[in-house]
Amino acid sequence: MSKAQVSLEVLGAITILLLTLILIFFQLNFLNQRISFLENTGIEERDCAKLSSAINLVQSASGNSQIELTIDSDASINGSFIQFTNIYCNLHGVEITSNLLKGQVMIKKNEGVISVENF
């Protein structure tokens, strides 16, 4: 063998090493995406529970009432569903239509009419 030649075994080992590193990279990328999805879903589930509970509380209160809260995700309320990017939850009682951006939200009952809006 001359100085410039490389054996087939070394080339095979380098190829296997590179393929293993590429596989590890893609696996880590997939796991990071999955973790991000689970974190976002958890935030949306918390926001869904907060909105649903606050709307039910205002609805069941006698007279006029108002609750202010903060949500960390955009939401859409259509009828009896609260829809987020990854999840939705049911809303019992009155049917409401509203599009909410993340941030401060006011849920208000005035003379029997419930409104949900950003402020």
# chains A, B, ... in the order shown; residues from 1 in each chain; ligands from 1
$ select_by_dssp --residues "segment 7-115 of chain A" --states "helix (DSSP H, G or I)" --output "PyMOL selection string"
chain A and resi 8-60
$ select_by_dssp --residues "segment 4-119 of chain A" --states "strand (DSSP E or B)" --output "mmCIF file with C-alpha atoms, in the first residue's frame"
data_model
loop_
_atom_site.group_PDB
_atom_site.id
_atom_site.type_symbol
_atom_site.label_atom_id
_atom_site.label_comp_id
_atom_site.auth_asym_id
_atom_site.auth_seq_id
_atom_site.Cartn_x
_atom_site.Cartn_y
_atom_site.Cartn_z
ATOM 1 C CA SER A 65 -70.306 40.216 37.080
ATOM 2 C CA GLN A 66 -66.870 40.462 35.512
ATOM 3 C CA ILE A 67 -63.647 38.424 35.593
ATOM 4 C CA GLU A 68 -60.284 39.402 34.151
ATOM 5 C CA LEU A 69 -57.619 36.810 33.411
ATOM 6 C CA THR A 70 -54.528 36.241 31.301
ATOM 7 C CA ILE A 71 -54.160 33.552 28.655
ATOM 8 C CA ALA A 75 -58.208 31.110 21.297
ATOM 9 C CA SER A 76 -61.450 31.023 19.379
ATOM 10 C CA ILE A 77 -64.789 30.488 21.075
ATOM 11 C CA ASN A 78 -67.478 29.186 18.717
ATOM 12 C CA GLY A 79 -70.734 28.137 20.261
ATOM 13 C CA PHE A 81 -66.283 24.954 21.955
ATOM 14 C CA ILE A 82 -63.096 26.765 22.898
ATOM 15 C CA GLN A 83 -60.549 26.069 20.144
ATOM 16 C CA TYR A 88 -60.220 22.224 22.111
ATOM 17 C CA CYS A 89 -62.527 21.931 25.094
ATOM 18 C CA ASN A 90 -66.257 22.061 25.666
ATOM 19 C CA ILE A 96 -70.540 32.521 22.685
ATOM 20 C CA THR A 97 -68.617 33.592 19.596
ATOM 21 C CA SER A 98 -65.320 35.383 20.113
ATOM 22 C CA ASN A 99 -61.730 35.393 18.837
ATOM 23 C CA LEU A 100 -59.141 36.041 21.529
ATOM 24 C CA GLY A 103 -52.946 38.418 26.828
ATOM 25 C CA GLN A 104 -55.583 40.020 29.017
ATOM 26 C CA VAL A 105 -59.154 38.741 28.629
ATOM 27 C CA MET A 106 -62.318 40.115 30.208
ATOM 28 C CA ILE A 107 -65.391 37.949 30.714
ATOM 29 C CA LYS A 108 -68.394 40.089 31.519
ATOM 30 C CA LYS A 109 -72.057 39.454 32.238
ATOM 31 C CA ASN A 110 -74.217 42.533 31.846
ATOM 32 C CA VAL A 113 -75.566 38.811 28.256
ATOM 33 C CA ILE A 114 -72.107 37.262 28.490
ATOM 34 C CA SER A 115 -69.255 38.746 26.457
ATOM 35 C CA VAL A 116 -65.645 37.556 26.206
ATOM 36 C CA GLU A 117 -63.058 39.940 24.762
ATOM 37 C CA ASN A 118 -59.471 41.130 24.938
#
$ residues_around --residues "segment 24-37 of chain A" --least-positions-apart "5" --cutoff "12 Å" --atoms "only C-alpha atoms" --output "PyMOL selection string"
chain A and resi 17-19+42-44+85-87
$ write_last_selection --atoms "C-alpha atoms" --output "tab-separated table (two decimals), in the first residue's frame"
chain	number	residue	atom	x	y	z
A	17	LEU	CA	-19.89	6.76	11.84
A	18	LEU	CA	-21.33	9.53	9.65
A	19	LEU	CA	-24.63	7.68	9.19
A	42	GLY	CA	-49.96	21.90	28.31
A	43	ILE	CA	-50.17	25.69	28.13
A	44	GLU	CA	-53.26	25.48	25.92
A	85	THR	CA	-54.06	25.53	17.97
A	86	ASN	CA	-53.59	21.97	19.26
A	87	ILE	CA	-56.63	21.27	21.45
$ atom_distance --atom1 "atom CA of Phe84 of chain A" --atom2 "atom CA of Phe119 of chain A"
19.1 Å
$ atom_distance --atom1 "atom CA of Asn40 of chain A" --atom2 "atom CA of His92 of chain A"
24.3 Å
$ atom_distance --atom1 "atom CA of Ser7 of chain A" --atom2 "atom CA of Thr20 of chain A"
20.3 Å
$ closest_residue --among "A:Gln5, A:Ser73, A:Ser62, A:Ser80" --to "Thr41 of chain A" --atoms "only C-alpha atoms"
A:Ser73
